[in-house]
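Peer 1: The structure is given below, and queries will be raised subsequently.
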Amino acid sequence: MGDRGRIVVPAAVRERAGLVAGTPMVLVESPEGLVLVTREQLRDRVRGDLGGLDLLDELLADRRRSAAVEDGECQDAA
């Protein structure tokens with residue numbers, strides 16, 4: 001790392017990874033250390049981690065439970 005905090009990626013690594021000047025990179029902190037990835041790699045990693053999860057159905061079910069509780073409270077007050 002340079003004195004200005006810049007990280008130098010060796011030419012051979014850039015070639016293998018298909019990196020060109022201006023490629024957006026993301027530095028991710030993880031329990032294992034720092035990981036430097038492209039935005040696309042990060043997107044794919046997050047999608048993979050969330051794969052199989054039906055977040056929309058879980059959110060809707062949670063909202064329905066909350067609405068049912070609120071409806072019950074409103075009916076008790078009437």
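If you're wondering about the labels, chains in the structure tokens are A, B, ... by order shown, residues count from 1 in each chain, ligands from 1 in order shown.
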List the neighbours of segment 33-41 of chain A out to 12 Å using only C-alpha atoms; skip same-chain residues closer than 3 positions along the sequence, and give me the result as a list in words.

Peer 2: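 Answer for this query is Ile7, Val8, Val9, Arg14, Ala17, Gly18, Leu19, Val20, Gly22, Thr23, Pro24, Met25, Val26, Leu27, Val28, Glu29, Ser30, Asp44, Arg45, Val46, Arg47 and Gly48 of chain A.
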
Peer 1: Report as a PDB file with N, CA, C and O atoms, in the first residue's frame: the residues of segment 3-78 of chain A with a DSSP assignment of alpha helix (DSSP H), based on the backbone of this structure.

Peer 2:
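Final output, saved to result_26.pdb:
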```pdb
ATOM      1  N   ALA A  11       0.042  -6.332 -12.444  1.00  0.00           N
ATOM      2  CA  ALA A  11      -0.478  -6.450 -13.809  1.00  0.00           C
ATOM      3  C   ALA A  11      -0.982  -7.854 -14.113  1.00  0.00           C
ATOM      4  O   ALA A  11      -2.047  -8.017 -14.729  1.00  0.00           O
ATOM      5  N   ALA A  12      -0.258  -8.870 -13.701  1.00  0.00           N
ATOM      6  CA  ALA A  12      -0.674 -10.252 -13.989  1.00  0.00           C
ATOM      7  C   ALA A  12      -2.021 -10.564 -13.335  1.00  0.00           C
ATOM      8  O   ALA A  12      -2.875 -11.230 -13.940  1.00  0.00           O
ATOM      9  N   VAL A  13      -2.230 -10.068 -12.124  1.00  0.00           N
ATOM     10  CA  VAL A  13      -3.498 -10.300 -11.424  1.00  0.00           C
ATOM     11  C   VAL A  13      -4.615  -9.534 -12.128  1.00  0.00           C
ATOM     12  O   VAL A  13      -5.720 -10.048 -12.337  1.00  0.00           O
ATOM     13  N   ARG A  14      -4.338  -8.290 -12.530  1.00  0.00           N
ATOM     14  CA  ARG A  14      -5.334  -7.492 -13.247  1.00  0.00           C
ATOM     15  C   ARG A  14      -5.756  -8.184 -14.542  1.00  0.00           C
ATOM     16  O   ARG A  14      -6.940  -8.246 -14.873  1.00  0.00           O
ATOM     17  N   GLU A  15      -4.786  -8.726 -15.254  1.00  0.00           N
ATOM     18  CA  GLU A  15      -5.086  -9.429 -16.505  1.00  0.00           C
ATOM     19  C   GLU A  15      -5.965 -10.643 -16.255  1.00  0.00           C
ATOM     20  O   GLU A  15      -6.972 -10.838 -16.938  1.00  0.00           O
ATOM     21  N   ARG A  16      -5.589 -11.481 -15.288  1.00  0.00           N
ATOM     22  CA  ARG A  16      -6.369 -12.692 -14.984  1.00  0.00           C
ATOM     23  C   ARG A  16      -7.785 -12.338 -14.551  1.00  0.00           C
ATOM     24  O   ARG A  16      -8.738 -13.035 -14.896  1.00  0.00           O
ATOM     25  N   ALA A  17      -7.939 -11.250 -13.810  1.00  0.00           N
ATOM     26  CA  ALA A  17      -9.251 -10.854 -13.290  1.00  0.00           C
ATOM     27  C   ALA A  17     -10.047 -10.018 -14.290  1.00  0.00           C
ATOM     28  O   ALA A  17     -11.211  -9.725 -14.059  1.00  0.00           O
ATOM     29  N   ARG A  39     -17.636  -4.767  -8.074  1.00  0.00           N
ATOM     30  CA  ARG A  39     -19.050  -4.631  -7.691  1.00  0.00           C
ATOM     31  C   ARG A  39     -19.845  -5.855  -8.115  1.00  0.00           C
ATOM     32  O   ARG A  39     -20.718  -6.333  -7.392  1.00  0.00           O
ATOM     33  N   GLU A  40     -19.560  -6.367  -9.304  1.00  0.00           N
ATOM     34  CA  GLU A  40     -20.271  -7.539  -9.809  1.00  0.00           C
ATOM     35  C   GLU A  40     -19.997  -8.755  -8.945  1.00  0.00           C
ATOM     36  O   GLU A  40     -20.897  -9.537  -8.662  1.00  0.00           O
ATOM     37  N   GLN A  41     -18.742  -8.930  -8.526  1.00  0.00           N
ATOM     38  CA  GLN A  41     -18.405 -10.060  -7.662  1.00  0.00           C
ATOM     39  C   GLN A  41     -19.120  -9.939  -6.312  1.00  0.00           C
ATOM     40  O   GLN A  41     -19.612 -10.939  -5.782  1.00  0.00           O
ATOM     41  N   LEU A  42     -19.198  -8.728  -5.787  1.00  0.00           N
ATOM     42  CA  LEU A  42     -19.895  -8.517  -4.525  1.00  0.00           C
ATOM     43  C   LEU A  42     -21.378  -8.817  -4.682  1.00  0.00           C
ATOM     44  O   LEU A  42     -21.979  -9.490  -3.849  1.00  0.00           O
ATOM     45  N   ARG A  43     -21.974  -8.318  -5.760  1.00  0.00           N
ATOM     46  CA  ARG A  43     -23.388  -8.588  -6.032  1.00  0.00           C
ATOM     47  C   ARG A  43     -23.651 -10.092  -6.102  1.00  0.00           C
ATOM     48  O   ARG A  43     -24.576 -10.606  -5.471  1.00  0.00           O
ATOM     49  N   ASP A  44     -22.814 -10.808  -6.838  1.00  0.00           N
ATOM     50  CA  ASP A  44     -22.980 -12.258  -6.965  1.00  0.00           C
ATOM     51  C   ASP A  44     -22.806 -12.959  -5.623  1.00  0.00           C
ATOM     52  O   ASP A  44     -23.524 -13.913  -5.313  1.00  0.00           O
ATOM     53  N   ARG A  45     -21.865 -12.475  -4.822  1.00  0.00           N
ATOM     54  CA  ARG A  45     -21.623 -13.071  -3.507  1.00  0.00           C
ATOM     55  C   ARG A  45     -22.836 -12.878  -2.592  1.00  0.00           C
ATOM     56  O   ARG A  45     -23.271 -13.796  -1.913  1.00  0.00           O
ATOM     57  N   VAL A  46     -23.400 -11.672  -2.594  1.00  0.00           N
ATOM     58  CA  VAL A  46     -24.571 -11.392  -1.761  1.00  0.00           C
ATOM     59  C   VAL A  46     -25.755 -12.227  -2.232  1.00  0.00           C
ATOM     60  O   VAL A  46     -26.470 -12.823  -1.431  1.00  0.00           O
ATOM     61  N   ARG A  47     -25.961 -12.279  -3.544  1.00  0.00           N
ATOM     62  CA  ARG A  47     -27.060 -13.097  -4.076  1.00  0.00           C
ATOM     63  C   ARG A  47     -26.880 -14.558  -3.694  1.00  0.00           C
ATOM     64  O   ARG A  47     -27.844 -15.245  -3.368  1.00  0.00           O
ATOM     65  N   GLY A  48     -25.659 -15.045  -3.745  1.00  0.00           N
ATOM     66  CA  GLY A  48     -25.393 -16.433  -3.351  1.00  0.00           C
ATOM     67  C   GLY A  48     -25.685 -16.666  -1.887  1.00  0.00           C
ATOM     68  O   GLY A  48     -26.261 -17.695  -1.505  1.00  0.00           O
ATOM     69  N   ASP A  49     -25.296 -15.692  -1.046  1.00  0.00           N
ATOM     70  CA  ASP A  49     -25.549 -15.821   0.392  1.00  0.00           C
ATOM     71  C   ASP A  49     -27.035 -15.809   0.697  1.00  0.00           C
ATOM     72  O   ASP A  49     -27.493 -16.436   1.651  1.00  0.00           O
ATOM     73  N   LEU A  50     -27.805 -15.075  -0.110  1.00  0.00           N
ATOM     74  CA  LEU A  50     -29.241 -14.977   0.116  1.00  0.00           C
ATOM     75  C   LEU A  50     -30.030 -16.031  -0.651  1.00  0.00           C
ATOM     76  O   LEU A  50     -31.240 -16.131  -0.488  1.00  0.00           O
ATOM     77  N   LEU A  55     -37.165 -13.807   1.005  1.00  0.00           N
ATOM     78  CA  LEU A  55     -37.265 -12.645   1.875  1.00  0.00           C
ATOM     79  C   LEU A  55     -38.596 -11.916   1.720  1.00  0.00           C
ATOM     80  O   LEU A  55     -39.136 -11.398   2.698  1.00  0.00           O
ATOM     81  N   LEU A  56     -39.137 -11.883   0.519  1.00  0.00           N
ATOM     82  CA  LEU A  56     -40.404 -11.190   0.307  1.00  0.00           C
ATOM     83  C   LEU A  56     -41.530 -11.889   1.061  1.00  0.00           C
ATOM     84  O   LEU A  56     -42.317 -11.240   1.752  1.00  0.00           O
ATOM     85  N   ASP A  57     -41.599 -13.213   0.953  1.00  0.00           N
ATOM     86  CA  ASP A  57     -42.644 -13.938   1.683  1.00  0.00           C
ATOM     87  C   ASP A  57     -42.483 -13.778   3.184  1.00  0.00           C
ATOM     88  O   ASP A  57     -43.475 -13.637   3.904  1.00  0.00           O
ATOM     89  N   GLU A  58     -41.246 -13.784   3.664  1.00  0.00           N
ATOM     90  CA  GLU A  58     -41.011 -13.588   5.100  1.00  0.00           C
ATOM     91  C   GLU A  58     -41.460 -12.192   5.537  1.00  0.00           C
ATOM     92  O   GLU A  58     -42.080 -12.036   6.584  1.00  0.00           O
ATOM     93  N   LEU A  59     -41.159 -11.183   4.731  1.00  0.00           N
ATOM     94  CA  LEU A  59     -41.557  -9.816   5.052  1.00  0.00           C
ATOM     95  C   LEU A  59     -43.083  -9.687   5.060  1.00  0.00           C
ATOM     96  O   LEU A  59     -43.657  -9.108   5.984  1.00  0.00           O
ATOM     97  N   LEU A  60     -43.731 -10.246   4.040  1.00  0.00           N
ATOM     98  CA  LEU A  60     -45.186 -10.174   3.979  1.00  0.00           C
ATOM     99  C   LEU A  60     -45.835 -10.894   5.159  1.00  0.00           C
ATOM    100  O   LEU A  60     -46.805 -10.397   5.748  1.00  0.00           O
ATOM    101  N   ALA A  61     -45.325 -12.049   5.526  1.00  0.00           N
ATOM    102  CA  ALA A  61     -45.876 -12.783   6.668  1.00  0.00           C
ATOM    103  C   ALA A  61     -45.703 -11.980   7.949  1.00  0.00           C
ATOM    104  O   ALA A  61     -46.622 -11.910   8.783  1.00  0.00           O
ATOM    105  N   ASP A  62     -44.556 -11.338   8.107  1.00  0.00           N
ATOM    106  CA  ASP A  62     -44.312 -10.510   9.285  1.00  0.00           C
ATOM    107  C   ASP A  62     -45.282  -9.337   9.322  1.00  0.00           C
ATOM    108  O   ASP A  62     -45.844  -9.006  10.373  1.00  0.00           O
ATOM    109  N   ARG A  63     -45.499  -8.693   8.182  1.00  0.00           N
ATOM    110  CA  ARG A  63     -46.439  -7.560   8.104  1.00  0.00           C
ATOM    111  C   ARG A  63     -47.858  -8.009   8.427  1.00  0.00           C
ATOM    112  O   ARG A  63     -48.599  -7.303   9.098  1.00  0.00           O
ATOM    113  N   ARG A  64     -48.226  -9.197   7.947  1.00  0.00           N
ATOM    114  CA  ARG A  64     -49.580  -9.707   8.231  1.00  0.00           C
ATOM    115  C   ARG A  64     -49.748  -9.985   9.720  1.00  0.00           C
ATOM    116  O   ARG A  64     -50.799  -9.683  10.291  1.00  0.00           O
ATOM    117  N   ARG A  65     -48.718 -10.552  10.336  1.00  0.00           N
ATOM    118  CA  ARG A  65     -48.793 -10.803  11.789  1.00  0.00           C
ATOM    119  C   ARG A  65     -48.934  -9.486  12.539  1.00  0.00           C
ATOM    120  O   ARG A  65     -49.753  -9.383  13.453  1.00  0.00           O
ATOM    121  N   SER A  66     -48.147  -8.496  12.155  1.00  0.00           N
ATOM    122  CA  SER A  66     -48.231  -7.188  12.811  1.00  0.00           C
ATOM    123  C   SER A  66     -49.605  -6.562  12.621  1.00  0.00           C
ATOM    124  O   SER A  66     -50.180  -6.001  13.558  1.00  0.00           O
ATOM    125  N   ALA A  67     -50.148  -6.656  11.410  1.00  0.00           N
ATOM    126  CA  ALA A  67     -51.472  -6.090  11.141  1.00  0.00           C
ATOM    127  C   ALA A  67     -52.536  -6.810  11.954  1.00  0.00           C
ATOM    128  O   ALA A  67     -53.463  -6.178  12.480  1.00  0.00           O
ATOM    129  N   ALA A  68     -52.407  -8.129  12.089  1.00  0.00           N
ATOM    130  CA  ALA A  68     -53.388  -8.892  12.865  1.00  0.00           C
ATOM    131  C   ALA A  68     -53.351  -8.468  14.325  1.00  0.00           C
ATOM    132  O   ALA A  68     -54.393  -8.322  14.973  1.00  0.00           O
ATOM    133  N   VAL A  69     -52.154  -8.251  14.859  1.00  0.00           N
ATOM    134  CA  VAL A  69     -52.017  -7.799  16.247  1.00  0.00           C
ATOM    135  C   VAL A  69     -52.637  -6.416  16.401  1.00  0.00           C
ATOM    136  O   VAL A  69     -53.405  -6.164  17.345  1.00  0.00           O
ATOM    137  N   GLU A  70     -52.352  -5.520  15.452  1.00  0.00           N
ATOM    138  CA  GLU A  70     -52.920  -4.169  15.512  1.00  0.00           C
ATOM    139  C   GLU A  70     -54.438  -4.197  15.403  1.00  0.00           C
ATOM    140  O   GLU A  70     -55.133  -3.492  16.102  1.00  0.00           O
ATOM    141  N   ASP A  71     -54.960  -5.043  14.513  1.00  0.00           N
ATOM    142  CA  ASP A  71     -56.413  -5.159  14.357  1.00  0.00           C
ATOM    143  C   ASP A  71     -57.048  -5.655  15.637  1.00  0.00           C
ATOM    144  O   ASP A  71     -58.101  -5.165  16.052  1.00  0.00           O
ATOM    145  N   GLY A  72     -56.404  -6.622  16.283  1.00  0.00           N
ATOM    146  CA  GLY A  72     -56.908  -7.144  17.551  1.00  0.00           C
ATOM    147  C   GLY A  72     -56.910  -6.071  18.624  1.00  0.00           C
ATOM    148  O   GLY A  72     -57.865  -5.969  19.412  1.00  0.00           O
ATOM    149  N   GLU A  73     -55.882  -5.243  18.664  1.00  0.00           N
ATOM    150  CA  GLU A  73     -55.814  -4.172  19.652  1.00  0.00           C
ATOM    151  C   GLU A  73     -56.875  -3.116  19.377  1.00  0.00           C
ATOM    152  O   GLU A  73     -57.493  -2.601  20.290  1.00  0.00           O
ATOM    153  N   CYS A  74     -57.120  -2.818  18.087  1.00  0.00           N
ATOM    154  CA  CYS A  74     -58.113  -1.807  17.732  1.00  0.00           C
ATOM    155  C   CYS A  74     -59.517  -2.305  18.064  1.00  0.00           C
ATOM    156  O   CYS A  74     -60.362  -1.545  18.524  1.00  0.00           O
ATOM    157  N   GLN A  75     -59.778  -3.587  17.832  1.00  0.00           N
ATOM    158  CA  GLN A  75     -61.097  -4.146  18.118  1.00  0.00           C
ATOM    159  C   GLN A  75     -61.340  -4.177  19.629  1.00  0.00           C
ATOM    160  O   GLN A  75     -62.451  -3.960  20.085  1.00  0.00           O
ATOM    161  N   ASP A  76     -60.290  -4.446  20.425  1.00  0.00           N
ATOM    162  CA  ASP A  76     -60.428  -4.473  21.875  1.00  0.00           C
ATOM    163  C   ASP A  76     -60.778  -3.095  22.403  1.00  0.00           C
ATOM    164  O   ASP A  76     -61.506  -2.955  23.369  1.00  0.00           O
ATOM    165  N   ALA A  77     -60.273  -2.047  21.743  1.00  0.00           N
ATOM    166  CA  ALA A  77     -60.504  -0.671  22.199  1.00  0.00           C
ATOM    167  C   ALA A  77     -61.910  -0.190  21.820  1.00  0.00           C
ATOM    168  O   ALA A  77     -62.447   0.708  22.434  1.00  0.00           O
TER     169      ALA A  77
END
```

Peer 1: Among chain A, which residues carry a DSSP assignment of strand (DSSP E or B), reported as a ChimeraX atom specification?

Peer 2: /A:25-30,33-38
